[in-house]
Amino acid sequence: MANTYKYIRWFESLSSQDVPLVGGKNASLGEMIRTLKSEGIRVPDGFATTAEAYQKFIDENHLQERMHSILDDFRNKKRTLEDTGESIRNLFYQGTFSEEIAREIQDAYEELSKRYQTDTVDVAVRSSATAEDLPEASFAGQQETYLNVVGKEALLKSCRKCYASLFTNRAISYRENLNYEHMKVALSAGIQKMVRADKASAGVIFSIDTETGFPNIVVINASWGLGENVVKGAVTPDEYKVFKPLLGNEKLRPIIEKVLGVKEKKMIYMEGGHTKNVDTTKEERVSFTLHDEEILKLARWACVIEKHYEKPMDMEWAKDGESGELFIVQARPETVQSRKVAAELKTYTLKESGKRLLSGIAIGDSIVTGKVSIIKSADEMEKFVEDSILATGMTDPDWVPIMRRSKGIITNYGGRTSHAAIVSRELGIPAVIGTGNATETLQDGQEITLSCAEGDHGYIYEGALEFEESEINLEEIPETKTQIMMNIASPEASFRWWRLPCKGIGLARMEFIINNIIKIHPMALAHFDRVEDKKAREQIEKLTERYEDKAEYFVDLLARGIAKIAAPQYPNEVIVRMSDFKTNEYANLIGGKQFEPKEDNPMLGFRGASRYYSPRYQEGFALECQAIKRVREEIGMANVVIMIPFCRTLAEADRVLEVLAKNGLKRHENGLKVYVMSEIPSNVILAEKFAERFDGFSIGSNDLTQLVLGVDRDSAELAELFDERNDAVKMMIQKQIELAHKTHTKVGICGQAPSDYPEFAEFLVRVGIDSMSLNPDSVVEVKQRVAHIEKQK
């Protein structure tokens with residue numbers, strides 16, 4: 001439509017080139033409405049006041065000279081930051097719009113109301129600074145937003161408040177620190193139709209993993225009510241992660257993680273305009289805010305927006321509770337991970353264990369030690385101790401000055417997209433967000449260790465623990481003929497190490513997911529009615545309360561855990577070992593004791609393949625199979641290979657393959673490969689026969705050493721006899737490789753020996769091993785060693 005206004009621009013007439021005219025936020029909204037509507041992306045209509053309108057407001061109210069004077073006093077330490085901000089804001093509050101600008105704003109509001117077939121449309125009024133959202137300096141969150149503004153007079157008042165918010169204490173401090181000239185930044189007010197998220201949900205989307213920089217993930221945070229609580233970190237939201245490369249296939253549902261947030265409160269409309277927070281109901285707290293189809297739609301939109309802007313993006317979304325429609329209400333460049341150098345990998349490792357006091361969401365991947373400074377409210381900020389670790393309930397942009405002076409940050413509330421998380425990333429300060437009760441658990445001045453180096457979860461430990469920091473230049477690492485893979489147990493670790501120069505995962509241990517995430521014995525879920533232990537029943541009821549079918553709890557969490565492990569290595573092979581707990585380990589799972597026999601020697605007992613076809617466990621194994629089938633066929637990780645552990649005989653191999661097929665995992669159907677662990681002498685002796693049944697071998701050097709030498713690997717008395725470098729063990733490994741290669745079958749190794757012993761890695765290369773799967777912290781060193789050996793060879 002033609003623009004008939006001098007100081008107003010309709011969103012649909014704007015493009016990303018109009019930042020000097022209407023600021024980053026409004027230019028981005030216009031760009032999306034103008035160019036992405038045809039892609040199905042919905043953005044609420046609206047208009048923006050221009051930077052010229054802001055300058056005219058300053059000129060007509062004679063503010064410039066007075067503002068300069070106040071800022072000069074601040075720089076000369078004649079005024080405090082608080083006094084400076086308040087004095088300048090009052091100038092804006094007391095000012096008035098010229099008749100011409102006021103009439104244009106009111107006329108545009110009237111026109112927007114007509115578009116929505118009402119007399120007084122409810123709008124959000126957002127500040128959009130002309131220096132905001134530049135990749136070089138993220139000003140996001142420095143100005144204010146006013147929600148549920150209704151009526152012409154209320155709109156004019158909100159526009160003046162937007163102008164004033166260019167001089168909040170935090171915005172002044174931010175620009176001073178970055179040497180931005182205050183008077184060169186102008187402000188545009190964006191007036192946009194409100195989405196009735198107060199009756200549904202809202203949140204934030206990133207088109208890149210905000211912690212690791214992994215680019216193939218969309219991260220969505222969601223909570224009930226208006227989105228301000230998510231942005232400010234006032235609630236712990238739900239979190240969803242979606243794998244981008246598989247979103248193009250409409251038949252797949254590549255949601256690799258769903259984490260339920262507490263969602264303590266929600267922001268809703270008040271009568272007569274404005275908003276308020278109310279407590280959420282118990283049902284809202286235990287329910288996800290979005291259905292899978294909505295998650296996938298938002299993720300697809302995020303990919304379209306990222307592709308259009310050709311950079312990772314940070315977006316806000318809202319769901320209208322009246323129409324059920326989803327909307328994007330903001331989009332700006334992501335300014336932290338997208339600027340990191342991909343070729344550099346800095347790692348931190350704790351060198352000792354300690355008493356764990358708290359846990360929460362890890363922001364960053366470093367470790368710091370120091371004394372705690374507990375600040376419960378903004379009124380106490382002057383008590384903050386320089387270079388200490390800040391502990392507080394939550395932060396908002398007013399806290400930035402003391403956040404800058406802290407070594408680390410701990411909050412009670414918030415999620416990955418909260419204010420505290422965003423600013424911590426931007427400042428490069430590690431933070432543990434959403435601990436629940438840090439300000440009550442910790443003592444002011446207490447010495448602690450804050451660790452974000454252990455995956456998605458961050459931990460607070462008592463005392464100052466020793467840790468190690470190292471930096472790796474990934475571009476200097478040579479390629480190898482021998483395939484270098486990783487051993488991974490934790491889904492978080494897979495993301496943390498995505499930059500490592502390896503091709504695939506040679507051993508993904510599902511036991512970690514079962515033990516640490518699921519926690520319940522699968523047979524106790526398949527037969528909950530048979531669980532006798534009262535405490536176990538209560539624990540199972542609590543953990544599975546969102547699931548009508550308790551067995552689905554196991555399948556869902558295991559499938560997503562495996563998918564999260566597989567995603568960073570896609571499309572390289574990720575070899576998932578089916579469960580290999582011993583009976584005593586299975587018994588320690590919730591509800592496990594009554595389903596497990598007591599054995600004197602579990603290491604050589606009812607474990608591995610023998611469980612899968614046994615009446616004692618076959619229904620539990622069926623749940624494992626359902627999870628694998630879901631990972632491959634519904635989520636879409638067809639790079640997942642399954643591996644059978646401790647398969648003693650050929651007859652047992654046949655029975656396991658039969659059970660797999662019965663559970664929908666027929667070898668070679670839909671490209672499914674099935675590997676076997678070579679960890680028993682019979683696997684080596686009959687390698688050619690096993691190769692007829694399996695697609696590859698993975699040498700488990702721990703068990704193989706134990707059984708070749710007759711040494712209990714857990715025995716402290718015999719520890720000096722346990723050595724993979726023993727000639728007998730090496731002869732078995734060499735024989736395994738020779739026999740497998742006769743049948744053109746791949747052989748890898750997933751033990752620790754190549755990491756621990758350089759000469760063992762050399763031996764493996766010389767006898768022709770196809771792949772080595774290593775612990776992540778050994779990958780770089782061993783790969784360099786293997787390249788050197790191959791060059792000599």
# chains A, B, ... in the order shown; residues from 1 in each chain; ligands from 1
call {"tool": "select_by_dssp", "arguments": {"residues": "segment 63-231 of chain A", "states": "alpha helix (DSSP H)", "output": "compact mmCIF listing (two decimals) with N, CA and C atoms, in the first residue's frame"}}
result
# COMPACT_ATOMS: atom_id res chain seq x y z
N GLN A 64 17.64 18.41 23.67
CA GLN A 64 19.01 18.02 23.35
C GLN A 64 20.05 18.65 24.29
N GLU A 65 19.93 19.95 24.48
CA GLU A 65 20.93 20.64 25.31
C GLU A 65 20.89 20.13 26.74
N ARG A 66 19.67 19.95 27.26
CA ARG A 66 19.53 19.47 28.64
C ARG A 66 20.06 18.04 28.79
N MET A 67 19.83 17.19 27.77
CA MET A 67 20.33 15.82 27.82
C MET A 67 21.86 15.80 27.80
N HIS A 68 22.45 16.62 26.94
CA HIS A 68 23.92 16.71 26.87
C HIS A 68 24.50 17.10 28.22
N SER A 69 23.86 18.08 28.86
CA SER A 69 24.34 18.58 30.14
C SER A 69 24.30 17.49 31.21
N ILE A 70 23.20 16.75 31.24
CA ILE A 70 23.05 15.67 32.23
C ILE A 70 24.09 14.58 31.99
N LEU A 71 24.31 14.21 30.71
CA LEU A 71 25.29 13.17 30.39
C LEU A 71 26.72 13.63 30.70
N ASP A 72 27.00 14.90 30.47
CA ASP A 72 28.33 15.43 30.81
C ASP A 72 28.57 15.34 32.31
N ASP A 73 27.53 15.67 33.09
CA ASP A 73 27.64 15.56 34.56
C ASP A 73 27.94 14.12 34.97
N PHE A 74 27.29 13.17 34.28
CA PHE A 74 27.50 11.76 34.60
C PHE A 74 28.95 11.35 34.31
N ARG A 75 29.46 11.75 33.13
CA ARG A 75 30.83 11.39 32.76
C ARG A 75 31.86 12.06 33.69
N LEU A 81 24.58 7.04 37.96
CA LEU A 81 23.88 6.44 36.81
C LEU A 81 22.37 6.54 37.02
N GLU A 82 21.91 6.24 38.25
CA GLU A 82 20.48 6.25 38.54
C GLU A 82 19.87 7.64 38.34
N ASP A 83 20.57 8.64 38.85
CA ASP A 83 20.07 10.02 38.73
C ASP A 83 20.08 10.47 37.28
N THR A 84 21.13 10.07 36.54
CA THR A 84 21.24 10.43 35.12
C THR A 84 20.06 9.86 34.34
N GLY A 85 19.82 8.56 34.51
CA GLY A 85 18.73 7.91 33.78
C GLY A 85 17.38 8.51 34.12
N GLU A 86 17.11 8.68 35.41
CA GLU A 86 15.81 9.20 35.83
C GLU A 86 15.59 10.62 35.31
N SER A 87 16.63 11.45 35.35
CA SER A 87 16.49 12.85 34.90
C SER A 87 16.16 12.92 33.41
N ILE A 88 16.86 12.11 32.60
CA ILE A 88 16.61 12.15 31.15
C ILE A 88 15.25 11.56 30.83
N ARG A 89 14.87 10.49 31.51
CA ARG A 89 13.55 9.87 31.23
C ARG A 89 12.42 10.85 31.56
N ASN A 90 12.59 11.59 32.63
CA ASN A 90 11.55 12.56 33.00
C ASN A 90 11.36 13.63 31.93
N LEU A 91 12.44 13.99 31.23
CA LEU A 91 12.32 14.96 30.14
C LEU A 91 11.36 14.44 29.07
N PHE A 92 11.48 13.14 28.77
CA PHE A 92 10.60 12.54 27.75
C PHE A 92 9.15 12.44 28.27
N TYR A 93 9.00 12.04 29.55
CA TYR A 93 7.65 11.91 30.10
C TYR A 93 6.90 13.24 30.07
N GLN A 94 7.64 14.32 30.31
CA GLN A 94 7.00 15.65 30.39
C GLN A 94 6.81 16.28 29.00
N GLU A 99 1.34 18.27 17.10
CA GLU A 99 -0.01 17.91 16.64
C GLU A 99 0.07 17.01 15.39
N GLU A 100 1.03 17.32 14.51
CA GLU A 100 1.17 16.55 13.26
C GLU A 100 1.53 15.09 13.54
N ILE A 101 2.54 14.87 14.41
CA ILE A 101 2.97 13.49 14.69
C ILE A 101 1.88 12.75 15.47
N ALA A 102 1.27 13.42 16.46
CA ALA A 102 0.21 12.78 17.26
C ALA A 102 -0.93 12.34 16.36
N ARG A 103 -1.31 13.21 15.41
CA ARG A 103 -2.42 12.87 14.51
C ARG A 103 -2.07 11.66 13.65
N GLU A 104 -0.82 11.61 13.14
CA GLU A 104 -0.42 10.47 12.30
C GLU A 104 -0.45 9.16 13.08
N ILE A 105 0.05 9.18 14.32
CA ILE A 105 0.04 7.96 15.15
C ILE A 105 -1.40 7.53 15.40
N GLN A 106 -2.27 8.49 15.73
CA GLN A 106 -3.67 8.16 16.03
C GLN A 106 -4.41 7.67 14.78
N ASP A 107 -4.14 8.29 13.65
CA ASP A 107 -4.79 7.86 12.40
C ASP A 107 -4.35 6.45 12.01
N ALA A 108 -3.05 6.18 12.15
CA ALA A 108 -2.55 4.84 11.81
C ALA A 108 -3.14 3.79 12.76
N TYR A 109 -3.28 4.17 14.03
CA TYR A 109 -3.90 3.25 15.01
C TYR A 109 -5.35 2.96 14.62
N GLU A 110 -6.05 4.01 14.18
CA GLU A 110 -7.44 3.84 13.75
C GLU A 110 -7.52 2.90 12.54
N GLU A 111 -6.59 3.08 11.62
CA GLU A 111 -6.56 2.22 10.42
C GLU A 111 -6.23 0.77 10.80
N LEU A 112 -5.29 0.57 11.73
CA LEU A 112 -4.96 -0.79 12.18
C LEU A 112 -6.16 -1.43 12.86
N SER A 113 -6.92 -0.65 13.63
CA SER A 113 -8.12 -1.16 14.29
C SER A 113 -9.13 -1.65 13.27
N LYS A 114 -9.27 -0.88 12.18
CA LYS A 114 -10.22 -1.28 11.12
C LYS A 114 -9.80 -2.59 10.47
N ARG A 115 -8.48 -2.77 10.29
CA ARG A 115 -7.99 -4.02 9.70
C ARG A 115 -8.43 -5.22 10.53
N LYS A 152 -6.17 5.53 21.87
CA LYS A 152 -5.23 6.48 21.26
C LYS A 152 -4.35 7.18 22.30
N GLU A 153 -4.94 7.60 23.41
CA GLU A 153 -4.16 8.33 24.42
C GLU A 153 -3.14 7.41 25.08
N ALA A 154 -3.59 6.17 25.36
CA ALA A 154 -2.67 5.20 25.97
C ALA A 154 -1.51 4.90 25.01
N LEU A 155 -1.81 4.90 23.71
CA LEU A 155 -0.77 4.63 22.72
C LEU A 155 0.27 5.76 22.70
N LEU A 156 -0.20 7.03 22.69
CA LEU A 156 0.74 8.15 22.69
C LEU A 156 1.63 8.13 23.94
N LYS A 157 1.02 7.80 25.08
CA LYS A 157 1.78 7.73 26.33
C LYS A 157 2.84 6.63 26.24
N SER A 158 2.48 5.47 25.67
CA SER A 158 3.43 4.35 25.54
C SER A 158 4.55 4.69 24.58
N CYS A 159 4.25 5.46 23.53
CA CYS A 159 5.31 5.88 22.59
C CYS A 159 6.32 6.77 23.30
N ARG A 160 5.82 7.71 24.15
CA ARG A 160 6.75 8.57 24.91
C ARG A 160 7.59 7.73 25.86
N LYS A 161 6.97 6.72 26.49
CA LYS A 161 7.71 5.85 27.41
C LYS A 161 8.77 5.04 26.65
N CYS A 162 8.45 4.65 25.41
CA CYS A 162 9.44 3.96 24.57
C CYS A 162 10.64 4.87 24.31
N TYR A 163 10.35 6.12 23.95
CA TYR A 163 11.44 7.07 23.73
C TYR A 163 12.30 7.19 24.99
N ALA A 164 11.64 7.31 26.12
CA ALA A 164 12.36 7.47 27.39
C ALA A 164 13.22 6.25 27.69
N ASN A 169 18.75 3.04 32.83
CA ASN A 169 20.10 2.96 33.40
C ASN A 169 20.94 1.94 32.65
N ARG A 170 20.33 0.79 32.34
CA ARG A 170 21.11 -0.26 31.68
C ARG A 170 21.50 0.14 30.27
N ALA A 171 20.60 0.87 29.55
CA ALA A 171 20.93 1.28 28.18
C ALA A 171 22.06 2.31 28.17
N ILE A 172 22.01 3.23 29.13
CA ILE A 172 23.10 4.22 29.23
C ILE A 172 24.42 3.50 29.50
N SER A 173 24.39 2.60 30.49
CA SER A 173 25.60 1.85 30.86
C SER A 173 26.13 1.04 29.69
N TYR A 174 25.21 0.40 28.96
CA TYR A 174 25.58 -0.45 27.82
C TYR A 174 26.31 0.37 26.75
N ARG A 175 25.73 1.51 26.40
CA ARG A 175 26.34 2.33 25.35
C ARG A 175 27.67 2.93 25.81
N GLU A 176 27.73 3.31 27.07
CA GLU A 176 28.99 3.86 27.60
C GLU A 176 30.10 2.81 27.47
N ASN A 177 29.78 1.56 27.84
CA ASN A 177 30.78 0.50 27.80
C ASN A 177 31.24 0.18 26.39
N GLU A 228 6.86 -12.29 27.70
CA GLU A 228 7.81 -11.48 28.48
C GLU A 228 8.48 -12.28 29.59
N ASN A 229 7.76 -13.21 30.21
CA ASN A 229 8.34 -13.99 31.30
C ASN A 229 9.49 -14.87 30.82
N VAL A 230 9.38 -15.39 29.58
CA VAL A 230 10.46 -16.21 29.02
C VAL A 230 11.67 -15.32 28.72
N VAL A 231 11.41 -14.18 28.10
CA VAL A 231 12.49 -13.27 27.72
C VAL A 231 13.24 -12.77 28.95
call {"tool": "residues_around", "arguments": {"residues": "segment 641-649 of chain A", "least_positions_apart": "4", "cutoff": "9 Å", "atoms": "only C-alpha atoms", "output": "number ranges by chain"}}
result
A: 507, 573-580, 607-610, 628, 653-654, 656, 672-683, 686, 690, 696-698, 700, 703
call {"tool": "residues_around", "arguments": {"residues": "segment 433-446 of chain A", "least_positions_apart": "4", "cutoff": "8 Å", "atoms": "only C-alpha atoms", "output": "ChimeraX atom specification"}}
result
/A:236,357-363,371-374,376,391-393,409-416,420-421,458,463
call {"tool": "select_by_dssp", "arguments": {"residues": "segment 607-775 of chain A", "states": "strand (DSSP E)", "output": "list in words"}}
result
Val640, Val641, Ile642, Met643, Ile644, Val674, Tyr675, Val676, Met677, Ser678, Gly696, Phe697, Ser698, Ile699, Lys746, Val747, Gly748, Ile749, Ser771, Met772, Ser773 and Leu774 of chain A
call {"tool": "residues_around", "arguments": {"residues": "Ala622 of chain A", "least_positions_apart": "2", "cutoff": "10 Å", "atoms": "only C-alpha atoms", "output": "number ranges by chain"}}
result
A: 522, 526, 555, 612-613, 617-620, 624-628, 659-660, 662-664
call {"tool": "atom_distance", "arguments": {"atom1": "atom CA of Ile505 of chain A", "atom2": "atom CA of Val779 of chain A"}}
result
11.5 Å
call {"tool": "closest_residue", "arguments": {"among": "A:Met194, A:Met32, A:Val286, A:Ile305", "to": "Thr544 of chain A", "atoms": "only C-alpha atoms"}}
result
A:Val286
call {"tool": "residues_around", "arguments": {"residues": "segment 468-484 of chain A", "least_positions_apart": "6", "cutoff": "8 Å", "atoms": "only C-alpha atoms", "output": "PDB file with C-alpha atoms, in the first residue's frame"}}
result
ATOM      1  CA  ALA A 343      38.362 -23.815  14.141  1.00  0.00           C
ATOM      2  CA  GLU A 344      39.094 -23.224  17.837  1.00  0.00           C
ATOM      3  CA  LEU A 345      37.930 -25.504  20.613  1.00  0.00           C
ATOM      4  CA  LYS A 346      38.538 -24.542  24.232  1.00  0.00           C
ATOM      5  CA  THR A 347      37.859 -27.257  26.796  1.00  0.00           C
ATOM      6  CA  TYR A 348      37.596 -27.294  30.579  1.00  0.00           C
ATOM      7  CA  THR A 349      37.838 -30.401  32.760  1.00  0.00           C
ATOM      8  CA  LEU A 350      37.430 -30.844  36.512  1.00  0.00           C
ATOM      9  CA  LYS A 351      40.459 -32.639  37.938  1.00  0.00           C
ATOM     10  CA  LEU A 500      35.784 -32.663  17.096  1.00  0.00           C
ATOM     11  CA  PRO A 501      37.363 -34.053  13.885  1.00  0.00           C
ATOM     12  CA  CYS A 502      35.802 -37.505  14.034  1.00  0.00           C
ATOM     13  CA  LYS A 503      33.400 -39.386  11.784  1.00  0.00           C
ATOM     14  CA  GLY A 504      30.633 -40.978  13.749  1.00  0.00           C
ATOM     15  CA  VAL A 765      46.986 -49.377  12.711  1.00  0.00           C
ATOM     16  CA  ILE A 769      41.870 -51.875  12.191  1.00  0.00           C
ATOM     17  CA  ASP A 770      39.123 -50.028  10.265  1.00  0.00           C
ATOM     18  CA  SER A 771      38.103 -47.642  13.035  1.00  0.00           C
ATOM     19  CA  MET A 772      38.959 -46.573  16.562  1.00  0.00           C
ATOM     20  CA  SER A 773      36.270 -45.173  18.828  1.00  0.00           C
ATOM     21  CA  LEU A 774      37.738 -43.012  21.569  1.00  0.00           C
ATOM     22  CA  VAL A 779      40.258 -37.844  19.930  1.00  0.00           C
ATOM     23  CA  VAL A 780      42.665 -35.077  18.919  1.00  0.00           C
ATOM     24  CA  LYS A 783      44.142 -38.873  15.647  1.00  0.00           C
ATOM     25  CA  GLN A 784      47.439 -36.985  15.374  1.00  0.00           C
ATOM     26  CA  VAL A 786      47.423 -42.336  14.008  1.00  0.00           C
ATOM     27  CA  ALA A 787      48.183 -39.903  11.158  1.00  0.00           C
ATOM     28  CA  GLU A 790      49.989 -44.129   8.839  1.00  0.00           C
TER      29      GLU A 790
END
call {"tool": "atom_distance", "arguments": {"atom1": "atom CA of Leu623 of chain A", "atom2": "atom CA of Phe554 of chain A"}}
result
7.1 Å
call {"tool": "closest_residue", "arguments": {"among": "A:Lys340, A:Val708, A:Tyr459, A:Met523", "to": "Gly213 of chain A", "atoms": "only C-alpha atoms"}}
result
A:Lys340
call {"tool": "closest_residue", "arguments": {"among": "A:Ile422, A:Leu147, A:Val531, A:Leu226", "to": "Val400 of chain A", "atoms": "only C-alpha atoms"}}
result
A:Ile422
call {"tool": "atom_distance", "arguments": {"atom1": "atom CA of Asp59 of chain A", "atom2": "atom CA of Pro20 of chain A"}}
result
18.3 Å
call {"tool": "residues_around", "arguments": {"residues": "Leu707 of chain A", "least_positions_apart": "2", "cutoff": "10 Å", "atoms": "only C-alpha atoms", "output": "ChimeraX atom specification"}}
result
/A:604,679-681,701-705,709-713,729
call {"tool": "write_last_selection", "arguments": {"atoms": "all heavy atoms", "output": "compact mmCIF listing (two decimals), in the first residue's frame"}}
result
# COMPACT_ATOMS: atom_id res chain seq x y z
N LEU A 604 29.78 -62.46 34.33
CA LEU A 604 29.69 -63.60 33.42
C LEU A 604 28.30 -64.23 33.45
O LEU A 604 28.12 -65.37 33.03
CB LEU A 604 30.74 -64.66 33.78
CG LEU A 604 32.20 -64.23 33.60
CD1 LEU A 604 33.14 -65.34 34.03
CD2 LEU A 604 32.47 -63.85 32.16
N GLU A 679 33.96 -59.51 22.07
CA GLU A 679 34.52 -59.36 23.42
C GLU A 679 34.62 -60.70 24.15
O GLU A 679 34.95 -60.74 25.34
CB GLU A 679 33.65 -58.38 24.22
CG GLU A 679 32.18 -58.72 24.23
CD GLU A 679 31.31 -57.58 24.78
OE1 GLU A 679 31.86 -56.64 25.38
OE2 GLU A 679 30.08 -57.65 24.60
N ILE A 680 34.30 -61.77 23.40
CA ILE A 680 34.38 -63.13 23.95
C ILE A 680 35.26 -63.93 22.99
O ILE A 680 35.14 -63.75 21.77
CB ILE A 680 32.96 -63.75 24.03
CG1 ILE A 680 32.02 -62.85 24.84
CG2 ILE A 680 33.00 -65.15 24.62
CD1 ILE A 680 30.55 -63.26 24.76
N PRO A 681 36.12 -64.79 23.46
CA PRO A 681 36.96 -65.58 22.54
C PRO A 681 36.17 -66.27 21.43
O PRO A 681 36.65 -66.36 20.29
CB PRO A 681 37.65 -66.58 23.47
CG PRO A 681 37.77 -65.82 24.77
CD PRO A 681 36.50 -65.02 24.87
N SER A 701 37.69 -54.25 24.19
CA SER A 701 38.98 -54.75 24.70
C SER A 701 38.95 -55.06 26.19
O SER A 701 39.71 -55.92 26.66
CB SER A 701 40.10 -53.74 24.38
OG SER A 701 39.80 -52.48 24.92
N ASN A 702 38.07 -54.42 26.95
CA ASN A 702 38.01 -54.71 28.38
C ASN A 702 37.56 -56.14 28.65
O ASN A 702 38.22 -56.91 29.35
CB ASN A 702 37.07 -53.74 29.10
CG ASN A 702 37.68 -52.36 29.25
OD1 ASN A 702 38.89 -52.20 29.12
ND2 ASN A 702 36.86 -51.37 29.52
N ASP A 703 36.39 -56.51 28.09
CA ASP A 703 35.89 -57.87 28.32
C ASP A 703 36.77 -58.91 27.63
O ASP A 703 36.99 -60.01 28.17
CB ASP A 703 34.44 -58.00 27.83
CG ASP A 703 33.44 -57.65 28.93
OD1 ASP A 703 33.72 -57.96 30.10
OD2 ASP A 703 32.40 -57.05 28.62
N LEU A 704 37.28 -58.59 26.45
CA LEU A 704 38.12 -59.54 25.74
C LEU A 704 39.38 -59.84 26.54
O LEU A 704 39.80 -61.00 26.68
CB LEU A 704 38.48 -59.01 24.34
CG LEU A 704 39.20 -60.01 23.43
CD1 LEU A 704 38.34 -61.23 23.15
CD2 LEU A 704 39.58 -59.34 22.10
N THR A 705 39.99 -58.81 27.11
CA THR A 705 41.19 -59.00 27.94
C THR A 705 40.85 -59.85 29.17
O THR A 705 41.59 -60.78 29.53
CB THR A 705 41.74 -57.63 28.39
OG1 THR A 705 42.05 -56.87 27.23
CG2 THR A 705 42.99 -57.78 29.26
N LEU A 709 42.61 -63.54 29.41
CA LEU A 709 43.60 -63.73 30.49
C LEU A 709 43.02 -64.36 31.75
O LEU A 709 43.76 -64.70 32.67
CB LEU A 709 44.24 -62.38 30.86
CG LEU A 709 45.01 -61.66 29.74
CD1 LEU A 709 45.58 -60.34 30.26
CD2 LEU A 709 46.12 -62.54 29.18
N GLY A 710 41.69 -64.50 31.80
CA GLY A 710 41.07 -65.07 33.00
C GLY A 710 41.23 -64.17 34.21
O GLY A 710 41.36 -64.64 35.34
N VAL A 711 41.17 -62.84 33.97
CA VAL A 711 41.34 -61.87 35.04
C VAL A 711 40.05 -61.08 35.23
O VAL A 711 39.53 -60.49 34.27
CB VAL A 711 42.48 -60.87 34.69
CG1 VAL A 711 42.59 -59.79 35.76
CG2 VAL A 711 43.80 -61.61 34.56
N ASP A 712 39.51 -61.08 36.45
CA ASP A 712 38.34 -60.26 36.75
C ASP A 712 38.75 -58.80 36.64
O ASP A 712 39.60 -58.31 37.39
CB ASP A 712 37.85 -60.57 38.17
CG ASP A 712 36.60 -59.77 38.56
OD1 ASP A 712 36.26 -58.82 37.83
OD2 ASP A 712 36.00 -60.08 39.60
N ARG A 713 38.17 -58.08 35.70
CA ARG A 713 38.61 -56.70 35.44
C ARG A 713 38.29 -55.76 36.60
O ARG A 713 38.83 -54.66 36.67
CB ARG A 713 38.01 -56.19 34.14
CG ARG A 713 36.53 -55.86 34.20
CD ARG A 713 36.00 -55.56 32.82
NE ARG A 713 34.91 -54.59 32.87
CZ ARG A 713 34.03 -54.42 31.90
NH1 ARG A 713 34.11 -55.15 30.80
NH2 ARG A 713 33.08 -53.51 32.00
N VAL A 729 46.22 -61.19 24.10
CA VAL A 729 45.10 -60.32 23.72
C VAL A 729 45.35 -59.75 22.33
O VAL A 729 44.45 -59.73 21.47
CB VAL A 729 44.93 -59.17 24.76
CG1 VAL A 729 43.78 -58.26 24.34
CG2 VAL A 729 44.67 -59.74 26.15
call {"tool": "residues_around", "arguments": {"residues": "Glu334 of chain A", "least_positions_apart": "6", "cutoff": "6 Å", "atoms": "only C-alpha atoms", "output": "PyMOL selection string"}}
result
chain A and resi 312-314
call {"tool": "closest_residue", "arguments": {"among": "A:Asp365, A:Glu717, A:Asp119, A:Asp396", "to": "Gly233 of chain A", "atoms": "only C-alpha atoms"}}
result
A:Asp396
call {"tool": "decode", "arguments": {"residues": "segment 608-614 of chain A", "atoms": "N, CA, C and O atoms", "output": "short mmCIF file (atom, residue, chain, number, x, y, z; two decimals), in the first residue's frame"}}
result
data_model
loop_
_atom_site.label_atom_id
_atom_site.label_comp_id
_atom_site.auth_asym_id
_atom_site.auth_seq_id
_atom_site.Cartn_x
_atom_site.Cartn_y
_atom_site.Cartn_z
N GLY A 608 23.78 -58.94 28.42
CA GLY A 608 23.90 -58.84 26.98
C GLY A 608 22.84 -59.62 26.23
O GLY A 608 21.66 -59.65 26.60
N ALA A 609 23.28 -60.30 25.15
CA ALA A 609 22.35 -60.97 24.23
C ALA A 609 21.44 -61.96 24.91
O ALA A 609 20.27 -62.13 24.52
N SER A 610 21.93 -62.64 25.95
CA SER A 610 21.12 -63.69 26.59
C SER A 610 19.83 -63.14 27.20
O SER A 610 18.86 -63.89 27.38
N ARG A 611 19.78 -61.87 27.50
CA ARG A 611 18.58 -61.26 28.10
C ARG A 611 17.49 -61.02 27.06
O ARG A 611 16.30 -61.05 27.38
N TYR A 612 17.90 -60.77 25.81
CA TYR A 612 16.97 -60.22 24.84
C TYR A 612 15.87 -61.19 24.41
O TYR A 612 14.78 -60.77 24.03
N TYR A 613 16.17 -62.48 24.48
CA TYR A 613 15.15 -63.47 24.10
C TYR A 613 14.61 -64.22 25.33
O TYR A 613 13.77 -65.11 25.20
N SER A 614 15.09 -63.86 26.51
CA SER A 614 14.66 -64.53 27.74
C SER A 614 13.29 -64.01 28.18
O SER A 614 13.04 -62.80 28.15
#
